[in-house]
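Heads up, query23.txt below (compact mmCIF, C-alpha atoms and all ligand atoms):
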```txt
# COMPACT_ATOMS: atom_id res chain seq x y z
CA MET A 595 121.65 137.46 88.94
CA THR A 596 124.95 137.46 90.82
CA ASP A 597 127.55 134.68 90.96
CA SER A 598 126.42 133.84 94.49
CA THR A 599 122.78 133.25 93.48
CA GLN A 600 121.82 129.69 94.34
CA PHE A 601 119.15 127.47 92.81
CA TRP A 602 116.94 125.30 95.00
CA SER A 603 114.23 122.84 94.18
CA VAL A 604 111.11 122.23 96.25
CA VAL A 605 109.01 119.11 95.67
CA PRO A 606 105.57 118.97 97.33
CA ALA A 607 105.02 115.21 97.81
CA ALA A 608 102.48 115.10 100.62
CA GLY A 609 99.33 114.61 98.56
CA VAL A 610 97.19 111.50 98.81
CA GLY A 611 96.23 111.29 95.10
CA LYS A 612 92.61 110.18 95.55
CA ARG A 613 91.90 110.19 91.79
CA MET A 614 94.38 107.31 91.40
CA GLN A 615 92.23 104.94 93.51
CA ALA A 616 95.35 103.02 94.61
CA ASP A 617 96.40 101.56 97.97
CA ARG A 618 99.10 104.22 98.38
CA PRO A 619 99.70 107.84 97.35
CA LYS A 620 100.40 108.07 93.60
CA GLN A 621 104.00 109.24 94.08
CA TYR A 622 104.77 105.77 95.51
CA LEU A 623 103.35 103.74 92.62
CA GLU A 624 105.98 101.96 90.53
CA VAL A 625 106.73 102.71 86.93
CA SER A 626 109.75 101.36 85.01
CA GLY A 627 111.26 99.77 88.14
CA LYS A 628 111.12 102.82 90.43
CA THR A 629 108.48 104.83 92.22
CA VAL A 630 107.14 107.96 90.56
CA LEU A 631 108.81 110.07 93.27
CA GLU A 632 112.22 108.41 92.74
CA HIS A 633 112.07 109.16 89.02
CA THR A 634 111.15 112.78 89.76
CA LEU A 635 113.93 113.31 92.31
CA THR A 636 116.51 111.51 90.17
CA ARG A 637 115.79 113.87 87.26
CA LEU A 638 116.09 116.93 89.52
CA LEU A 639 119.42 115.68 90.93
CA GLN A 640 120.67 114.92 87.40
CA ALA A 641 120.21 118.60 86.51
CA GLU A 642 123.20 119.31 88.82
CA VAL A 643 122.10 122.89 89.47
CA PHE A 644 120.37 122.69 92.84
CA THR A 645 122.09 123.30 96.16
CA SER A 646 119.40 121.03 97.67
CA VAL A 647 116.07 119.51 96.74
CA ALA A 648 113.61 119.99 99.64
CA VAL A 649 110.88 117.35 99.61
CA ALA A 650 107.67 117.82 101.63
CA ILE A 651 106.51 114.47 102.98
CA SER A 652 103.55 113.73 105.28
CA THR A 653 104.73 113.17 108.85
CA ASP A 654 103.06 109.73 109.02
CA ASP A 655 104.30 108.60 105.59
CA PRO A 656 105.63 105.00 105.90
CA PHE A 657 106.87 104.79 102.28
CA TRP A 658 109.46 107.58 102.17
CA PRO A 659 112.06 106.05 104.55
CA ARG A 660 112.15 102.90 102.36
CA LEU A 661 113.34 104.79 99.28
CA ALA A 662 117.09 104.80 98.61
CA VAL A 663 116.85 108.39 97.41
CA ALA A 664 115.68 109.49 100.89
CA GLY A 665 119.23 109.22 102.19
CA GLN A 666 120.92 110.71 99.16
CA ALA A 667 123.13 113.81 99.44
CA GLY A 668 121.29 116.91 98.30
CA ILE A 669 117.87 115.72 99.50
CA VAL A 670 116.28 117.53 102.47
CA ARG A 671 113.04 116.29 104.06
CA ALA A 672 110.36 118.73 105.23
CA ALA A 673 106.96 118.09 106.80
CA GLY A 674 103.97 118.08 104.47
CA GLY A 675 101.11 120.54 104.95
CA LYS A 676 97.32 120.55 104.65
CA GLU A 677 97.31 121.98 101.12
CA ARG A 678 99.95 121.94 98.42
CA ALA A 679 100.88 125.58 99.24
CA ASP A 680 101.40 124.65 102.91
CA SER A 681 103.75 121.85 101.83
CA VAL A 682 105.72 124.27 99.65
CA LEU A 683 105.96 126.80 102.52
CA SER A 684 107.17 124.06 104.84
CA ALA A 685 109.89 123.04 102.36
CA LEU A 686 110.95 126.68 102.00
CA GLY A 687 111.29 126.76 105.79
CA ALA A 688 113.59 123.72 105.70
CA ILE A 689 116.16 125.59 103.53
CA ARG A 690 115.67 129.00 105.18
CA ALA A 691 119.03 128.98 106.99
CA GLN A 692 121.05 128.53 103.77
CA ALA A 693 118.88 130.33 101.21
CA SER A 694 118.80 134.06 100.55
CA ASP A 695 115.77 136.01 99.33
CA ASP A 696 117.25 136.49 95.85
CA ASP A 697 117.95 132.80 95.29
CA TRP A 698 115.78 131.00 92.73
CA VAL A 699 113.44 128.20 93.78
CA LEU A 700 112.04 125.73 91.24
CA VAL A 701 108.89 124.08 92.63
CA HIS A 702 108.16 120.78 90.90
CA ASP A 703 105.25 118.35 91.41
CA ALA A 704 106.27 114.97 92.79
CA ALA A 705 103.81 113.48 90.32
CA ARG A 706 105.67 114.72 87.20
CA PRO A 707 108.37 112.05 86.79
CA CYS A 708 109.04 112.73 83.09
CA ILE A 709 110.59 116.17 83.60
CA THR A 710 113.76 116.38 81.53
CA VAL A 711 117.09 117.96 82.42
CA SER A 712 116.80 119.95 79.16
CA ASP A 713 113.47 121.54 80.23
CA ILE A 714 114.93 122.44 83.65
CA ALA A 715 117.89 124.10 81.88
CA LEU A 716 115.57 125.89 79.43
CA LEU A 717 113.45 127.32 82.26
CA ILE A 718 116.50 128.52 84.17
CA ASP A 719 118.23 130.01 81.12
CA SER A 720 115.03 131.80 80.05
CA LEU A 721 114.23 133.33 83.44
CA LYS A 722 117.42 133.69 85.49
CA ASN A 723 117.61 137.43 84.72
CA ASP A 724 113.86 138.02 84.93
CA ALA A 725 112.37 140.34 87.55
CA VAL A 726 109.44 138.06 88.47
CA GLY A 727 110.06 134.47 87.30
CA GLY A 728 107.68 132.09 85.61
CA ILE A 729 106.65 128.58 84.72
CA LEU A 730 106.86 125.84 82.12
CA ALA A 731 103.61 125.79 80.17
CA LEU A 732 101.95 124.20 77.15
CA SER A 733 99.62 125.82 74.65
CA SER A 734 96.22 124.21 74.39
CA HIS A 735 95.40 122.25 71.23
CA ASP A 736 91.86 121.52 72.32
CA THR A 737 89.04 124.04 72.14
CA LEU A 738 88.12 124.86 75.73
CA LYS A 739 84.56 125.40 76.94
CA ASN A 740 83.17 127.29 79.89
CA VAL A 741 80.55 124.98 81.39
CA GLU A 742 77.86 125.46 84.03
CA GLY A 743 76.14 122.24 85.08
CA ARG A 744 76.34 120.37 81.76
CA ASN A 745 75.65 123.46 79.63
CA ILE A 746 78.28 125.23 77.56
CA VAL A 747 78.09 128.94 78.35
CA GLY A 748 81.10 130.06 76.38
CA THR A 749 84.19 129.16 74.38
CA LEU A 750 87.57 130.44 75.56
CA ASP A 751 89.92 132.14 73.11
CA ARG A 752 92.53 129.41 72.65
CA ALA A 753 95.18 131.90 71.54
CA HIS A 754 95.40 133.11 75.14
CA ILE A 755 95.14 129.75 76.94
CA TRP A 756 98.19 127.91 78.26
CA ARG A 757 98.33 124.89 80.57
CA ALA A 758 100.49 125.45 83.64
CA LEU A 759 103.15 122.77 84.21
CA THR A 760 105.99 122.62 86.69
CA PRO A 761 108.73 123.49 87.53
CA GLN A 762 107.57 126.97 88.53
CA MET A 763 110.52 129.29 89.17
CA PHE A 764 110.42 132.23 91.57
CA ARG A 765 112.83 133.98 93.90
CA TYR A 766 112.81 132.63 97.44
CA GLY A 767 111.65 135.88 99.09
CA LEU A 768 108.88 136.64 96.60
CA LEU A 769 107.56 133.07 96.62
CA LYS A 770 107.44 132.89 100.42
CA GLN A 771 105.69 136.26 100.66
CA ALA A 772 103.17 135.36 97.94
CA LEU A 773 102.29 132.00 99.52
CA GLU A 774 102.02 133.49 103.03
CA GLN A 775 99.76 136.31 101.85
CA THR A 776 97.42 133.94 99.98
CA GLN A 777 97.36 131.06 102.48
CA GLY A 778 93.94 129.41 102.53
CA ASN A 779 92.80 131.07 99.29
CA PRO A 780 91.20 128.30 97.15
CA ALA A 781 92.11 130.19 93.95
CA VAL A 782 95.78 129.43 94.61
CA THR A 783 96.35 126.08 92.89
CA ASP A 784 99.97 126.67 91.90
CA GLU A 785 102.81 129.01 92.84
CA ALA A 786 102.20 131.31 89.86
CA SER A 787 98.62 132.03 90.95
CA ALA A 788 99.89 133.23 94.34
CA VAL A 789 102.40 135.53 92.61
CA GLU A 790 99.70 136.77 90.20
CA LEU A 791 97.54 137.79 93.18
CA MET A 792 100.35 140.17 94.17
CA GLY A 793 99.69 142.03 90.90
CA LEU A 794 102.73 140.56 89.11
CA GLN A 795 102.87 138.83 85.73
CA PRO A 796 104.98 135.65 85.69
CA LYS A 797 106.34 134.52 82.30
CA ILE A 798 105.60 131.29 80.50
CA VAL A 799 108.31 129.17 78.89
CA GLU A 800 107.05 126.54 76.46
CA GLY A 801 107.80 123.09 77.88
CA ARG A 802 107.71 119.57 76.50
CA PRO A 803 104.33 117.82 76.21
CA ASP A 804 105.72 114.64 77.82
CA ASN A 805 106.02 116.43 81.21
CA ILE A 806 102.70 114.92 82.31
CA LYS A 807 101.23 114.85 85.81
CA VAL A 808 100.37 111.33 86.93
CA THR A 809 96.78 111.75 88.12
CA ARG A 810 94.64 108.87 86.87
CA PRO A 811 95.46 105.14 86.58
CA GLU A 812 95.98 105.35 82.79
CA ASP A 813 98.65 108.04 83.27
CA LEU A 814 101.05 105.44 84.69
CA ALA A 815 101.31 103.58 81.37
CA LEU A 816 101.83 106.88 79.58
CA ALA A 817 104.56 107.90 82.03
CA GLN A 818 106.28 104.54 81.48
CA PHE A 819 106.13 105.06 77.70
CA TYR A 820 107.63 108.56 77.95
CA LEU A 821 110.34 107.52 80.43
CA GLU A 822 111.43 104.71 78.09
CA GLN A 823 111.32 106.99 75.03
CA GLN A 824 113.50 109.53 76.82
CA GLN A 825 116.27 107.00 77.58
O1 LIG B 1 96.83 116.55 93.75
P1 LIG B 1 97.77 117.24 92.81
O2 LIG B 1 98.28 116.33 91.72
O3 LIG B 1 97.28 118.54 92.27
O4 LIG B 1 99.05 117.59 93.70
C1 LIG B 1 100.17 118.26 93.14
C2 LIG B 1 101.40 118.03 94.00
O5 LIG B 1 101.23 118.62 95.30
C3 LIG B 1 101.67 116.55 94.24
O6 LIG B 1 103.07 116.36 94.05
C4 LIG B 1 101.22 116.32 95.68
O7 LIG B 1 101.93 115.29 96.35
C5 LIG B 1 101.52 117.68 96.31
N1 LIG B 1 100.73 117.99 97.52
C6 LIG B 1 101.38 118.23 98.74
N2 LIG B 1 100.66 118.51 99.88
C7 LIG B 1 99.32 118.53 99.85
C8 LIG B 1 98.63 118.29 98.63
C9 LIG B 1 99.36 118.04 97.47
O8 LIG B 1 102.61 118.19 98.80
N3 LIG B 1 98.66 118.78 100.98
```
Please go through the file and, once you have read it, give me the structure as structure tokens.
Amino acid sequence: MTDSTQFWSVVPAAGVGKRMQADRPKQYLEVSGKTVLEHTLTRLLQAEVFTSVAVAISTDDPFWPRLAVAGQAGIVRAAGGKERADSVLSALGAIRAQASDDDWVLVHDAARPCITVSDIALLIDSLKNDAVGGILALSSHDTLKNVEGRNIVGTLDRAHIWRALTPQMFRYGLLKQALEQTQGNPAVTDEASAVELMGLQPKIVEGRPDNIKVTRPEDLALAQFYLEQQQ
């Protein structure tokens, strides 16, 4: 890493969050006095490492312009895409003019509002001199089953199983190339899987278990609990 290497954050926030069964996308639900997305962006800004945070928002999204954070310095809006990877590529395009291929990009889910500044710093410190990059992850405490229909057809070796969290940290050029090459591939559910398909092996950095993704209605209460605990 050179002194001129910049850090960027990309936040895909163009999902509809069907599993939440709410009247609006889950990133706009309120928890502890702010929307999920405002908590997420506030934490990223508090890290004070990013040149900009590029947020991918659906073009017809009526909620975004109402958020105070939308007009904040350091926030760049990009158009959302059909899939998460399309949204990330669109956000990368929005910072193209200022970013260089060797800069680091930390992609973070809009729906993970409990990310801490300390986990962002840990990820960056662990990987800033790495050749490939990597992700925050959690080891699995549960035994995991391979299931077909409702039948268990195998048990996975837990020693080798980690749950992928975000942020996921890759160099701008590599990330863009990996996402472009794998566009439309249903196996690509995060940035690391696109990089893996290039034959590379991203690293894992053990993150905090409170970095949950708000997915189901009950996750909101849990997010509120963690946000208050972290104060
Ligand atoms: O649905 P899921 O929780 O897996 O989405 C992960 C993240 O990707 C969310 O922050 C969501 O808003 C974002 N996303 C997106 N564009 C899409 C689909 C999902 O930005 N087309």
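Residues near the point (111.7, 126.9, 91.9), at a distance of 7 Å or less over all atoms listed in the file, make up Trp602, Ser603, Val604, Trp698, Val699, Leu700, Val701, Pro761, Gln762, Met763 and Phe764 of chain A.
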Quiz item: Please, which residues have at least one atom within 10 Å of an atom of ligand LIG 1 (chain B), using all atoms listed in the file, listed as a PyMOL selection string?
Solution: chain A and resi 604-614+619-622+630-631+634+649-652+673-685+701-707+760+783-784+807-810
Practice problem: Enter the distance from atom CA of Leu638 of chain A to atom CA of Val711 of chain A, in Å, rounded to one decimal. | Solution: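 That distance, rounded to one decimal, is 7.2 Å.
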Quiz item: Residues at most 9 Å from segment 655-672 of chain A, counting all atoms listed in the file, excluding those fewer than 6 positions away in the same chain, as a list of chain:residue names?
Solution: A:Ala608, A:Arg618, A:Tyr622, A:Thr629, A:Glu632, A:Leu635, A:Thr636, A:Leu639, A:Phe644, A:Thr645, A:Ser646, A:Val647, A:Ala648, A:Val649, A:Ser681, A:Ser684, A:Ala685, A:Leu686, A:Gly687, A:Ala688, A:Ile689
Quiz item: How many Å lie between atom CA of Ala715 of chain A and atom CA of Leu773 of chain A, rounded to one decimal?
Solution: 24.8 Å
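With distances taken over all atoms listed in the file, A:Leu768 is the one residue among A:Val789, A:Ile714, A:Val625, A:Leu768 lying closest to Asp696 of chain A.
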Practice problem: Choose the residue, out of A:Arg637, A:Thr599, A:Gln824, A:Ile798, that has the smallest atom-to-atom separation from Ile709 of chain A; count all atoms listed in the file. | Solution: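 Under the stated criterion, the closest residue is A:Arg637.
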Exercise. Quick one: pull the distance between atom CA of Asp713 of chain A and atom CA of Gly801 of chain A, Å, one decimal.
Key: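 Rounded to one decimal, the two atoms are 6.3 Å apart.
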Quiz prompt | Non-local contacts of segment 756-758 of chain A (8 Å; all atoms listed in the file; under 3 positions in same chain excluded) as a ChimeraX atom specification | solution = /A:729-734
Quiz item: For Leu738 of chain A, which of A:Ala753, A:Asp719, A:Asp724, A:Gly778 is the closest residue, counting only C-alpha atoms?
Solution: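 So, comparing all the options, the nearest one is A:Ala753.
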